[in-house]
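**Student:** Just run33.cif, nothing more (mmCIF, C-alpha atoms and all ligand atoms):
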data_entry
#
loop_
_atom_site.label_atom_id
_atom_site.label_comp_id
_atom_site.auth_asym_id
_atom_site.auth_seq_id
_atom_site.Cartn_x
_atom_site.Cartn_y
_atom_site.Cartn_z
CA MET A 8 0.00 0.00 0.00
CA THR A 9 1.26 3.47 -0.81
CA ASP A 10 0.01 6.93 -0.11
CA THR A 11 -0.47 7.58 -3.80
CA GLY A 12 -3.19 5.01 -4.22
CA ILE A 13 -4.07 1.42 -4.79
CA SER A 14 -2.92 -0.40 -7.89
CA PHE A 15 -5.29 -0.98 -10.78
CA ASP A 16 -5.54 -4.77 -10.34
CA LEU A 17 -6.21 -4.39 -6.66
CA ALA A 18 -8.87 -1.79 -7.34
CA ASP A 19 -10.51 -4.25 -9.76
CA LEU A 20 -10.60 -6.87 -7.03
CA ALA A 21 -11.94 -4.37 -4.52
CA ASP A 22 -14.67 -3.52 -7.02
CA ARG A 23 -15.46 -7.22 -7.26
CA VAL A 24 -15.93 -7.42 -3.49
CA ALA A 25 -18.14 -4.33 -3.60
CA ALA A 26 -20.20 -5.90 -6.40
CA SER A 27 -20.58 -9.09 -4.33
CA VAL A 28 -22.45 -7.25 -1.60
CA ASN A 29 -25.96 -8.71 -1.59
CA PRO A 30 -28.49 -5.90 -0.94
CA GLN A 31 -31.40 -8.25 -0.13
CA ARG A 32 -29.39 -10.27 2.37
CA TYR A 33 -27.90 -7.15 3.92
CA LEU A 34 -31.28 -5.39 4.32
CA ARG A 35 -32.89 -8.55 5.70
CA LEU A 36 -30.18 -8.81 8.38
CA GLN A 37 -30.35 -5.08 9.17
CA ARG A 38 -34.14 -5.23 9.62
CA ALA A 39 -33.93 -8.45 11.62
CA LEU A 40 -31.53 -6.90 14.13
CA ALA A 41 -33.99 -4.00 14.57
CA THR A 42 -36.63 -6.45 15.86
CA PHE A 43 -34.57 -6.93 19.06
CA GLY A 44 -36.03 -4.18 21.21
CA GLY A 45 -38.04 -2.95 18.24
CA ARG A 46 -41.02 -0.66 18.92
CA GLU A 47 -44.24 -0.16 16.99
CA ASP A 48 -43.16 3.39 16.11
CA GLY A 49 -39.96 2.20 14.41
CA GLY A 50 -37.64 3.00 17.32
CA VAL A 51 -35.47 0.52 19.19
CA GLU A 52 -34.97 0.01 22.95
CA ARG A 53 -31.80 -2.05 23.34
CA GLN A 54 -29.55 -0.66 26.03
CA ALA A 55 -26.18 -2.24 26.77
CA LEU A 56 -26.10 -5.67 28.46
CA THR A 57 -29.87 -5.88 28.86
CA GLU A 58 -31.57 -9.21 28.22
CA VAL A 59 -32.74 -8.05 24.79
CA GLU A 60 -29.25 -6.87 23.82
CA THR A 61 -27.85 -10.25 24.88
CA ARG A 62 -30.48 -12.01 22.75
CA ALA A 63 -29.43 -9.78 19.83
CA ARG A 64 -25.83 -10.97 20.32
CA GLN A 65 -27.00 -14.60 20.32
CA TRP A 66 -29.03 -13.98 17.16
CA LEU A 67 -26.03 -12.39 15.42
CA MET A 68 -23.85 -15.36 16.31
CA ALA A 69 -26.45 -17.77 14.92
CA GLN A 70 -26.42 -15.95 11.55
CA VAL A 71 -22.92 -17.16 10.68
CA LYS A 72 -23.17 -20.79 11.77
CA GLY A 73 -21.66 -22.89 9.01
CA HIS A 74 -19.22 -20.17 7.92
CA ARG A 75 -15.54 -20.55 8.67
CA TYR A 76 -15.50 -17.70 11.19
CA ARG A 77 -14.78 -17.72 14.91
CA TRP A 78 -16.36 -15.66 17.67
CA LEU A 79 -13.98 -14.22 20.25
CA TYR A 80 -14.54 -12.03 23.30
CA ASP A 81 -12.47 -9.88 25.63
CA ASP A 82 -12.79 -8.81 29.26
CA ALA A 83 -14.66 -5.59 28.41
CA GLY A 84 -17.51 -7.53 26.77
CA ASN A 85 -16.50 -6.73 23.21
CA LEU A 86 -17.32 -9.47 20.70
CA PHE A 87 -15.22 -10.18 17.61
CA LEU A 88 -16.12 -12.23 14.56
CA ARG A 89 -12.85 -13.35 13.00
CA ARG A 90 -12.38 -14.37 9.38
CA ASP A 91 -8.87 -15.78 9.11
CA GLY A 92 -6.33 -14.38 6.69
CA ARG A 93 -3.52 -16.07 4.79
CA GLU A 94 -1.01 -14.87 7.37
CA GLY A 95 -2.52 -15.75 10.71
CA GLN A 96 0.17 -14.02 12.75
CA LEU A 97 -0.70 -10.58 11.34
CA ALA A 98 -2.79 -8.24 13.46
CA PRO A 99 -6.34 -8.07 12.12
CA VAL A 100 -7.92 -5.40 9.99
CA MET A 101 -11.10 -4.51 11.88
CA THR A 102 -14.46 -3.03 11.17
CA GLY A 103 -17.50 -2.76 13.42
CA SER A 104 -19.59 -0.55 15.67
CA HIS A 105 -22.04 -1.09 18.53
CA MET A 106 -25.40 -2.86 19.04
CA ASP A 107 -26.61 -0.96 22.10
CA THR A 108 -29.03 1.96 21.74
CA GLN A 109 -30.16 4.95 23.74
CA PRO A 110 -33.11 4.16 26.10
CA VAL A 111 -35.29 4.93 23.09
CA GLY A 112 -33.15 5.09 19.97
CA GLY A 113 -33.24 4.49 16.26
CA TRP A 114 -32.66 1.30 14.29
CA LEU A 115 -29.38 2.27 12.59
CA ASP A 116 -27.13 4.00 15.13
CA GLY A 117 -24.36 1.45 15.65
CA ALA A 118 -26.40 -1.38 14.16
CA TYR A 119 -25.49 -0.15 10.68
CA GLY A 120 -21.76 -0.60 11.15
CA VAL A 121 -22.25 -4.06 12.65
CA ILE A 122 -24.46 -5.49 9.91
CA ALA A 123 -22.50 -3.69 7.16
CA GLY A 124 -19.33 -5.38 8.43
CA LEU A 125 -21.03 -8.76 8.56
CA GLU A 126 -22.28 -8.35 4.98
CA VAL A 127 -18.72 -7.55 3.83
CA MET A 128 -17.49 -10.87 5.24
CA LEU A 129 -20.33 -12.76 3.57
CA ALA A 130 -19.63 -10.90 0.31
CA LEU A 131 -15.96 -11.90 0.48
CA ASP A 132 -17.07 -15.52 0.83
CA ASP A 133 -19.40 -15.15 -2.16
CA ALA A 134 -16.58 -13.61 -4.22
CA GLY A 135 -14.32 -16.52 -3.25
CA LEU A 136 -11.62 -14.13 -2.03
CA ASP A 137 -9.36 -14.52 0.94
CA THR A 138 -7.23 -11.80 2.48
CA ARG A 139 -3.66 -11.60 3.68
CA PHE A 140 -4.65 -10.00 6.99
CA PRO A 141 -7.29 -11.57 9.23
CA LEU A 142 -10.53 -9.60 9.14
CA GLU A 143 -12.50 -9.00 12.31
CA LEU A 144 -15.95 -7.57 12.90
CA ALA A 145 -15.98 -5.88 16.32
CA ILE A 146 -19.15 -5.34 18.35
CA TRP A 147 -18.02 -2.75 20.89
CA ASN A 148 -19.71 -2.96 24.26
CA ASN A 149 -21.74 -0.11 25.79
CA GLU A 150 -21.07 2.66 23.29
CA GLU A 151 -24.08 4.82 24.16
CA GLY A 152 -23.28 5.16 27.85
CA SER A 153 -26.96 5.72 28.67
CA ARG A 154 -27.24 2.73 31.02
CA PHE A 155 -23.67 2.57 32.36
CA GLY A 156 -21.41 5.64 32.16
CA PRO A 157 -19.14 6.58 30.54
CA GLY A 158 -19.96 5.83 26.91
CA ALA A 159 -17.74 3.83 24.54
CA MET A 160 -16.52 1.68 27.45
CA GLY A 161 -15.71 -1.29 25.25
CA SER A 162 -13.56 0.51 22.71
CA SER A 163 -12.03 2.72 25.39
CA ALA A 164 -10.92 -0.29 27.46
CA PHE A 165 -9.72 -2.00 24.29
CA ALA A 166 -7.49 0.99 23.54
CA ASP A 167 -6.29 1.33 27.15
CA PRO A 168 -6.97 -1.72 29.38
CA SER A 169 -6.03 0.25 32.51
CA ARG A 170 -9.46 1.94 32.24
CA LEU A 171 -11.43 -1.29 32.74
CA PRO A 172 -11.31 -1.59 36.58
CA ALA A 173 -13.00 1.81 37.00
CA PHE A 174 -15.69 0.86 34.45
CA MET A 175 -16.49 -2.35 36.37
CA SER A 176 -17.90 -0.39 39.30
CA SER A 177 -20.24 1.71 37.15
CA VAL A 178 -23.86 1.32 38.34
CA ASP A 179 -27.09 1.74 36.35
CA ALA A 180 -30.23 3.55 37.55
CA ASP A 181 -31.51 0.34 39.20
CA GLY A 182 -28.30 -0.19 41.15
CA VAL A 183 -26.99 -2.99 38.88
CA LEU A 184 -23.20 -3.14 38.68
CA PHE A 185 -21.63 -3.13 35.23
CA SER A 186 -19.48 -6.11 36.24
CA ASP A 187 -22.61 -8.14 37.21
CA ALA A 188 -24.43 -7.26 33.98
CA LEU A 189 -21.29 -8.21 32.05
CA GLN A 190 -21.08 -11.59 33.79
CA ARG A 191 -24.73 -12.33 32.96
CA MET A 192 -24.05 -11.59 29.30
CA PHE A 193 -20.95 -13.83 29.31
CA ASP A 194 -23.00 -16.66 30.89
CA ALA A 195 -25.53 -16.44 28.06
CA VAL A 196 -23.20 -15.90 25.11
CA GLN A 197 -20.76 -18.71 24.38
CA THR A 198 -17.78 -17.88 22.18
CA ALA A 199 -14.87 -19.89 20.85
CA GLY A 200 -12.11 -18.03 22.58
CA HIS A 201 -10.81 -15.19 24.66
CA VAL A 202 -8.56 -12.41 23.36
CA PRO A 203 -6.69 -9.84 25.45
CA LEU A 204 -7.59 -6.17 25.61
CA GLY A 205 -5.08 -3.87 23.95
CA ARG A 206 -3.95 -6.40 21.33
CA PRO A 207 -2.52 -5.02 18.09
CA VAL A 208 -4.81 -4.01 15.22
CA SER A 209 -3.54 -3.29 11.68
CA ALA A 210 -6.30 -0.84 10.76
CA TYR A 211 -9.88 0.02 11.72
CA ILE A 212 -12.72 1.42 9.69
CA GLU A 213 -16.23 2.06 10.99
CA ALA A 214 -19.36 2.65 8.92
CA HIS A 215 -21.99 4.76 10.68
CA ILE A 216 -25.00 6.92 9.94
CA GLU A 217 -24.11 10.62 9.95
CA GLN A 218 -26.63 11.56 12.68
CA GLY A 219 -26.59 15.10 11.29
CA PRO A 220 -28.00 16.99 8.28
CA VAL A 221 -24.85 17.77 6.23
CA LEU A 222 -24.79 14.92 3.69
CA GLU A 223 -28.51 15.06 2.92
CA ALA A 224 -28.42 18.84 2.48
CA ALA A 225 -25.50 18.53 0.07
CA GLY A 226 -27.07 15.65 -1.86
CA SER A 227 -24.12 13.38 -1.00
CA THR A 228 -24.60 9.62 -0.64
CA LEU A 229 -21.32 9.07 1.21
CA GLY A 230 -19.24 10.95 3.75
CA VAL A 231 -15.50 10.35 3.90
CA VAL A 232 -14.88 11.17 7.55
CA THR A 233 -11.69 13.12 8.20
CA GLY A 234 -11.84 13.04 12.01
CA ILE A 235 -13.82 13.59 15.18
CA GLN A 236 -14.01 17.00 16.80
CA GLY A 237 -12.55 17.64 20.24
CA VAL A 238 -14.74 18.05 23.30
CA ARG A 239 -14.45 19.53 26.76
CA TRP A 240 -16.98 19.27 29.55
CA PHE A 241 -17.20 21.88 32.30
CA GLU A 242 -19.17 22.25 35.48
CA VAL A 243 -19.84 25.81 36.61
CA LEU A 244 -20.79 26.26 40.26
CA VAL A 245 -22.37 29.58 41.17
CA THR A 246 -22.55 30.36 44.88
CA GLY A 247 -24.73 33.11 46.36
CA SER A 248 -26.63 33.30 49.62
CA SER A 249 -30.07 31.91 50.45
CA ALA A 250 -32.63 34.44 51.62
CA HIS A 251 -36.35 34.84 52.26
CA ALA A 252 -38.32 35.54 49.07
CA GLY A 253 -40.79 37.83 50.84
CA THR A 254 -38.56 39.93 53.03
CA THR A 255 -35.24 40.36 51.16
CA PRO A 256 -35.06 43.50 48.94
CA LEU A 257 -33.98 42.81 45.35
CA ASP A 258 -30.90 45.01 45.44
CA VAL A 259 -29.21 43.17 48.32
CA ARG A 260 -29.73 39.62 47.09
CA GLN A 261 -27.00 37.19 46.04
CA ASP A 262 -29.29 35.17 43.78
CA ALA A 263 -27.42 32.19 42.32
CA VAL A 264 -30.14 31.45 39.75
CA LEU A 265 -30.03 34.96 38.30
CA ALA A 266 -26.23 34.98 38.28
CA ALA A 267 -26.09 31.57 36.55
CA ALA A 268 -28.67 32.64 33.97
CA THR A 269 -26.65 35.79 33.25
CA LEU A 270 -23.45 33.78 32.83
CA LEU A 271 -25.15 31.34 30.46
CA ARG A 272 -26.47 34.22 28.34
CA ARG A 273 -22.98 35.79 28.13
CA ILE A 274 -21.35 32.48 27.22
CA ALA A 275 -23.95 31.90 24.50
CA ASP A 276 -23.48 35.45 23.17
CA ALA A 277 -19.70 35.00 23.12
CA ALA A 278 -20.12 31.78 21.13
CA LEU A 279 -22.43 33.44 18.60
CA ALA A 280 -20.09 36.43 18.29
CA LEU A 281 -17.28 34.17 17.09
CA GLY A 282 -19.29 33.41 13.95
CA ASP A 283 -17.66 29.97 13.67
CA ASP A 284 -20.27 27.48 12.45
CA ARG A 285 -18.17 24.55 13.65
CA LEU A 286 -18.30 25.68 17.30
CA ARG A 287 -20.78 23.85 19.57
CA VAL A 288 -21.63 25.09 23.06
CA THR A 289 -24.39 23.37 25.03
CA SER A 290 -25.63 23.69 28.57
CA GLY A 291 -27.66 20.53 29.12
CA ARG A 292 -27.82 20.44 32.90
CA PHE A 293 -28.90 23.30 35.17
CA GLU A 294 -29.42 22.32 38.81
CA VAL A 295 -30.61 24.50 41.64
CA LYS A 296 -29.32 22.98 44.89
CA SER A 297 -32.06 22.69 47.57
CA PRO A 298 -34.67 24.32 45.32
CA SER A 299 -37.60 26.06 46.96
CA ILE A 300 -40.26 28.36 45.49
CA ASN A 301 -40.01 30.93 48.27
CA THR A 302 -36.25 31.03 48.85
CA VAL A 303 -33.51 32.86 46.94
CA ALA A 304 -31.22 30.03 45.76
CA ASP A 305 -27.69 29.94 47.15
CA ARG A 306 -26.12 27.37 44.81
CA VAL A 307 -26.55 26.51 41.12
CA LEU A 308 -24.54 24.08 39.07
CA PHE A 309 -24.68 24.07 35.29
CA THR A 310 -22.69 22.21 32.66
CA ILE A 311 -21.09 23.21 29.39
CA ASP A 312 -20.34 20.81 26.55
CA LEU A 313 -17.86 22.53 24.21
CA ARG A 314 -16.84 21.03 20.85
CA HIS A 315 -14.73 22.06 17.88
CA PRO A 316 -12.39 20.27 15.45
CA GLU A 317 -9.42 22.51 16.41
CA GLU A 318 -7.66 22.40 19.75
CA ALA A 319 -6.65 26.08 19.47
CA VAL A 320 -10.29 27.17 19.22
CA LEU A 321 -11.19 24.99 22.23
CA ASP A 322 -8.34 26.61 24.19
CA ALA A 323 -9.47 30.10 23.25
CA PHE A 324 -13.11 29.51 24.09
CA GLU A 325 -12.28 27.78 27.37
CA ALA A 326 -10.32 30.92 28.31
CA GLN A 327 -13.36 32.99 27.41
CA ILE A 328 -15.66 30.84 29.58
CA ARG A 329 -13.25 31.20 32.51
CA SER A 330 -13.04 34.95 32.05
CA ILE A 331 -16.85 35.38 31.80
CA VAL A 332 -17.46 33.27 34.91
CA GLY A 333 -14.57 34.89 36.77
CA SER A 334 -15.77 38.42 36.21
CA GLY A 335 -19.51 38.10 35.60
CA ALA A 336 -21.08 36.23 38.52
CA ALA A 337 -21.12 39.17 40.97
CA PRO A 338 -22.50 39.51 43.57
CA CYS A 339 -22.22 35.69 43.56
CA ALA A 340 -19.02 33.68 43.13
CA GLY A 341 -18.45 31.48 40.07
CA GLU A 342 -16.10 28.54 39.70
CA VAL A 343 -15.32 26.52 36.56
CA SER A 344 -14.08 22.90 36.65
CA CYS A 345 -13.15 20.93 33.57
CA ILE A 346 -14.45 17.37 34.13
CA MET A 347 -13.54 15.83 30.77
CA ARG A 348 -11.41 16.74 27.79
CA LYS A 349 -10.81 14.79 24.61
CA PRO A 350 -8.66 16.41 21.94
CA PRO A 351 -9.74 16.35 18.28
CA THR A 352 -9.09 12.99 16.60
CA PRO A 353 -7.81 13.33 13.04
CA PHE A 354 -8.19 10.06 11.12
CA HIS A 355 -5.22 8.44 9.37
CA PRO A 356 -4.56 10.01 5.95
CA HIS A 357 -4.01 6.65 4.29
CA VAL A 358 -7.31 5.21 5.54
CA VAL A 359 -9.13 8.43 4.63
CA ALA A 360 -7.59 8.23 1.14
CA LEU A 361 -8.71 4.61 0.70
CA VAL A 362 -12.29 5.46 1.74
CA GLU A 363 -12.20 8.39 -0.68
CA GLN A 364 -10.90 6.25 -3.56
CA ALA A 365 -13.53 3.57 -2.93
CA SER A 366 -16.23 6.26 -2.76
CA ASN A 367 -14.98 7.75 -6.02
CA ARG A 368 -14.98 4.39 -7.79
CA SER A 369 -18.50 3.65 -6.53
CA GLY A 370 -19.87 6.40 -8.81
CA GLU A 371 -21.89 7.85 -5.91
CA LEU A 372 -21.71 11.49 -4.84
CA TYR A 373 -19.43 11.84 -1.83
CA GLN A 374 -17.71 14.50 0.23
CA ARG A 375 -15.26 14.85 3.08
CA ILE A 376 -16.91 15.50 6.43
CA GLY A 377 -15.95 15.86 10.09
CA SER A 378 -17.79 13.90 12.77
CA GLY A 379 -19.73 15.94 15.31
CA ALA A 380 -20.45 12.89 17.49
CA PHE A 381 -18.18 10.47 19.34
CA HIS A 382 -17.75 7.00 17.95
CA ASP A 383 -15.81 3.88 18.91
CA ALA A 384 -13.41 4.85 16.11
CA MET A 385 -12.24 7.72 18.33
CA TYR A 386 -10.59 5.24 20.71
CA LEU A 387 -9.37 2.88 18.00
CA ALA A 388 -7.55 5.85 16.47
CA ASP A 389 -5.29 5.79 19.55
CA ARG A 390 -4.20 2.29 18.57
CA CYS A 391 -4.07 1.97 14.78
CA PRO A 392 -4.66 3.74 11.45
CA THR A 393 -8.38 4.49 11.59
CA GLY A 394 -11.11 5.95 9.43
CA MET A 395 -14.89 6.18 9.13
CA LEU A 396 -17.52 6.24 6.44
CA PHE A 397 -20.89 8.01 6.86
CA VAL A 398 -24.19 7.54 5.07
CA PRO A 399 -26.87 10.27 5.24
CA SER A 400 -29.46 10.50 8.00
CA ILE A 401 -32.88 11.56 6.73
CA LYS A 402 -33.49 15.11 8.05
CA GLY A 403 -30.36 14.60 10.19
CA VAL A 404 -32.45 12.83 12.85
CA SER A 405 -30.79 10.38 15.29
CA HIS A 406 -31.21 9.19 18.90
CA ASN A 407 -34.87 9.29 17.91
CA VAL A 408 -37.44 6.71 16.77
CA ALA A 409 -37.64 8.49 13.40
CA GLU A 410 -33.95 7.86 12.64
CA ASP A 411 -33.70 6.50 9.10
CA THR A 412 -31.56 6.29 5.95
CA LYS A 413 -32.62 5.49 2.38
CA GLU A 414 -32.06 1.83 1.53
CA GLU A 415 -29.96 2.67 -1.52
CA HIS A 416 -27.70 4.84 0.64
CA LEU A 417 -27.27 2.06 3.19
CA VAL A 418 -26.31 -0.37 0.43
CA ALA A 419 -23.93 2.11 -1.23
CA GLY A 420 -22.16 2.49 2.10
CA VAL A 421 -21.79 -1.28 2.53
CA ARG A 422 -20.24 -1.54 -0.95
CA VAL A 423 -17.69 1.19 -0.20
CA LEU A 424 -16.92 -0.38 3.17
CA ALA A 425 -16.35 -3.70 1.38
CA ALA A 426 -13.96 -2.19 -1.16
CA THR A 427 -12.06 -0.27 1.52
CA LEU A 428 -11.72 -3.26 3.85
CA TYR A 429 -10.50 -5.41 1.00
CA SER A 430 -7.92 -2.79 0.05
CA LEU A 431 -6.68 -2.75 3.64
CA ALA A 432 -6.69 -6.50 4.20
CA ARG A 433 -5.93 -7.93 0.76
ZN ZN B 1 -23.34 5.12 17.30
#
What does this structure look like when you write it as structure tokens?

**Tutor:**
Amino acid sequence: MTDTGISFDLADLADRVAASVNPQRYLRLQRALATFGGREDGGVERQALTEVETRARQWLMAQVKGHRYRWLYDDAGNLFLRRDGREGQLAPVMTGSHMDTQPVGGWLDGAYGVIAGLEVMLALDDAGLDTRFPLELAIWNNEEGSRFGPGAMGSSAFADPSRLPAFMSSVDADGVLFSDALQRMFDAVQTAGHVPLGRPVSAYIEAHIEQGPVLEAAGSTLGVVTGIQGVRWFEVLVTGSSAHAGTTPLDVRQDAVLAAATLLRRIADAALALGDDRLRVTSGRFEVKSPSINTVADRVLFTIDLRHPEEAVLDAFEAQIRSIVGSGAAPCAGEVSCIMRKPPTPFHPHVVALVEQASNRSGELYQRIGSGAFHDAMYLADRCPTGMLFVPSIKGVSHNVAEDTKEEHLVAGVRVLAATLYSLAR
């Protein structure tokens, strides 16, 4: 493989793999997976390590009985479907995504990358082609993070096994320990073998729905993903003084709610004033401590989720948040704590180029695009050359029962994934 492109013969073979993708089989499998946790309104309820998610894993494993693949698992609850290569000692080329959903989610978030990867393996069988590198389909555990926090536990522990012990003590809303839920899943899902966390991977590519409106608006069928934007999470604590609502004059109050609301307005205005359409600033939690209708609040905590593809912009806006809170909370006090930061993740130029070449050869309209959301690929990028491929989301809707993608777009994405994986693993 070179940075200038794939050879003509190889491209012909990659085209043959793409042509071997079977749209009927793929769509049947994709729709069948959606029945696990499927709702009448088209949505899916399949949170991580629930009974229904475990049954979906069992169903997936039953789909490939009779093929020469092996199922493997690791200590984080990730599942791997391995299709051996000619050189068994080489680290695998991987594809995959996640099968868990939000409490009420759509049928394609995560599920698309899983079934697309499975169809690529079946298409390779149909084309009678083997590969030099082993190919593995990864089903990353607990990507959504809605039942057990944080999200992307499986891929995060895969990339850095030292994170797993802390994940094990995560508890869901019913008091169930992650480690107990994991054990129940292992008891129900029998695999051929165990593989260690943190093992080498040759390359990773993940197919996913865009979950945003960019591709549809541009009329593109495919998005060649260049990277994932950086994110920082902040908690802002505003401290005033509680006081009687009936007796305390307005001009002597230290009202934490008013101060917090003022700070939020200034932060939002500062974000708008930058005029940068890639900047995202969200305050999704606003908590009054000891709330009471007839008491001036003394403490308010609100959060800020800040995202941008460039670290320098994140630095500059973080400084602005700190300056606004530092100077603008009077007569209350304001304090900013950063509780999470993840730098932007640029994908590997070679993998991006291969996705772009396969998209170009597919004859579909495509464009380069950045990812606004996290994906398992973000953690894999810490370990190996990584890339992603997006297909459009109708009206940009995701994490919603109405989440959908045109069938022809889903199939086009599977074909490009097939060609790209073959180019990587040949
Ligand atoms: Zn997802």

**Student:** Wanna dump the chain A-ligand ZN 1 (chain B) contacts at 8 Å for me, each residue with its shortest atom pair and the distance in Å to one decimal, counting all atoms listed in the file, ordered by chain and number, as a Markdown table?

**Tutor:**
| residue | atom | partner | partner_atom | distance |
| --- | --- | --- | --- | --- |
| A:Ser104 | CA | B:ZN1 | ZN | 7.0 |
| A:His105 | CA | B:ZN1 | ZN | 6.5 |
| A:Thr108 | CA | B:ZN1 | ZN | 7.9 |
| A:Asp116 | CA | B:ZN1 | ZN | 4.5 |
| A:Gly117 | CA | B:ZN1 | ZN | 4.2 |
| A:Ala118 | CA | B:ZN1 | ZN | 7.8 |
| A:Glu150 | CA | B:ZN1 | ZN | 6.9 |
| A:Glu151 | CA | B:ZN1 | ZN | 6.9 |
| A:His215 | CA | B:ZN1 | ZN | 6.8 |
| A:Ile216 | CA | B:ZN1 | ZN | 7.8 |
| A:Phe381 | CA | B:ZN1 | ZN | 7.7 |
| A:His382 | CA | B:ZN1 | ZN | 5.9 |
| A:Asp383 | CA | B:ZN1 | ZN | 7.8 |

**Student:** So, with only C-alpha atoms as the atoms that count, which of A:Leu184, A:Leu79, A:Ala130, A:Ala323 lies closest to A:Ala26?

**Tutor:**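 Counting only C-alpha atoms, the residue closest to A:Ala26 is A:Ala130.
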
**Student:** Hey, which of A:Leu86, A:Val295, A:Cys345, A:Leu204 ends up closest to A:Phe309? Count all atoms listed in the file.

**Tutor:**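 Distance minimum relative to A:Phe309 lands on A:Val295.
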
**Student:** I'd like the interatomic distance between atom CA of A:Asp262 and atom CA of A:Ala340, to a tenth of an Å.

**Tutor:**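 Value for the atom CA of A:Asp262-atom CA of A:Ala340 distance: 10.4 Å.
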
**Student:** For each of A:Gly335, A:Gly50, A:Gly234, A:Gly394, take the minimum atom-to-atom distance to A:Leu270, counting all atoms listed in the file, then give the residue where this is smallest.

**Tutor:** A:Gly335

**Student:** Which of these residues is nearest to A:Ala384, using only C-alpha atoms: A:Arg139, A:His355, A:Arg53, A:His406?

**Tutor:**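 With only C-alpha atoms as the atom set, the closest residue is A:His355.
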
**Student:** Hey, can you pull every residue with an atom no more than 8 Å from (-9.9, 0.4, 20.8), using only C-alpha atoms, and send it as a PyMOL selection string?

**Tutor:** chain A and resi 161-167+205+383-384+386-390

**Student:** List the neighbours of A:Asp82 out to 8 Å using all atoms listed in the file; skip same-chain residues closer than 2 positions along the sequence, and give me the result as a list in words.

**Tutor:**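 That gives Tyr80, Gly84, Asn85, Pro203 and Leu204 of chain A.
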
**Student:** Contacts of stretch 305-307 of chain A at 6 Å or less, counting only C-alpha atoms, minus same-chain residues fewer than 4 places along, as a list in words?

**Tutor:**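 Skipping anything fewer than 4 positions along the chain leaves Leu244, Val245, Thr246, Gly247, Ser248, Ser249, Ala263, Glu294, Val295 and Lys296 of chain A.
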
**Student:** Using all atoms listed in the file, determine which residues lie at most 7 Å from A:Leu313, disregarding the query and same-chain residues fewer than 5 positions distant; provide the list as a ChimeraX atom specification.

**Tutor:** /A:238-240,287-289

**Student:** Hey, can you check how far atom CA of A:Arg206 sits from atom CA of A:Trp147?

**Tutor:**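 Atom-to-atom, atom CA of A:Arg206 and atom CA of A:Trp147 are spaced 14.5 Å apart.
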
**Student:** What is the distance, in Å and to one decimal place, between atom CA of A:Asp107 and atom CA of A:Met192?

**Tutor:**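 Separation between atom CA of A:Asp107 and atom CA of A:Met192: 13.1 Å.
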
**Student:** Identify which of the residues A:Ala409, A:Leu88, A:Leu424, A:Val264 lies closest to A:Pro298, counting only C-alpha atoms when measuring atom-to-atom distances.

**Tutor:** A:Val264

**Student:** Between A:His201, A:Arg285, A:Arg23, A:Arg90, which has the minimum distance to A:Arg75 (counting all atoms listed in the file)?

**Tutor:** A:Arg90

**Student:** Show me the residues close to (-19.6, -8.5, 34.9) - anything with an atom within 10 Å, counting only C-alpha atoms - and format the list as a PyMOL selection string.

**Tutor:** chain A and resi 56+82-84+175-176+184-194

**Student:** For A:Glu94, list every protein, DNA or RNA residue within 9 Å, evaluated using only C-alpha atoms, and leave out those in the same chain fewer than 5 positions away; present the list as JSON, numbers by chain.

**Tutor:** {"A": [138, 139, 140, 141]}

**Student:** Skip A:Ala98 itself and residues of its chain fewer than 5 positions away, then list as a ChimeraX atom specification all residues within 10 Å of it, counting all atoms listed in the file.

**Tutor:** /A:92,140-143,206-210

**Student:** Write the residues of the selection above to a file with C-alpha atoms, as a short mmCIF file (atom, residue, chain, number, x, y, z; two decimals), in the frame of the given file.

**Tutor:**
data_model
loop_
_atom_site.label_atom_id
_atom_site.label_comp_id
_atom_site.auth_asym_id
_atom_site.auth_seq_id
_atom_site.Cartn_x
_atom_site.Cartn_y
_atom_site.Cartn_z
CA GLY A 92 -6.33 -14.38 6.69
CA PHE A 140 -4.65 -10.00 6.99
CA PRO A 141 -7.29 -11.57 9.23
CA LEU A 142 -10.53 -9.60 9.14
CA GLU A 143 -12.50 -9.00 12.31
CA ARG A 206 -3.95 -6.40 21.33
CA PRO A 207 -2.52 -5.02 18.09
CA VAL A 208 -4.81 -4.01 15.22
CA SER A 209 -3.54 -3.29 11.68
CA ALA A 210 -6.30 -0.84 10.76
#
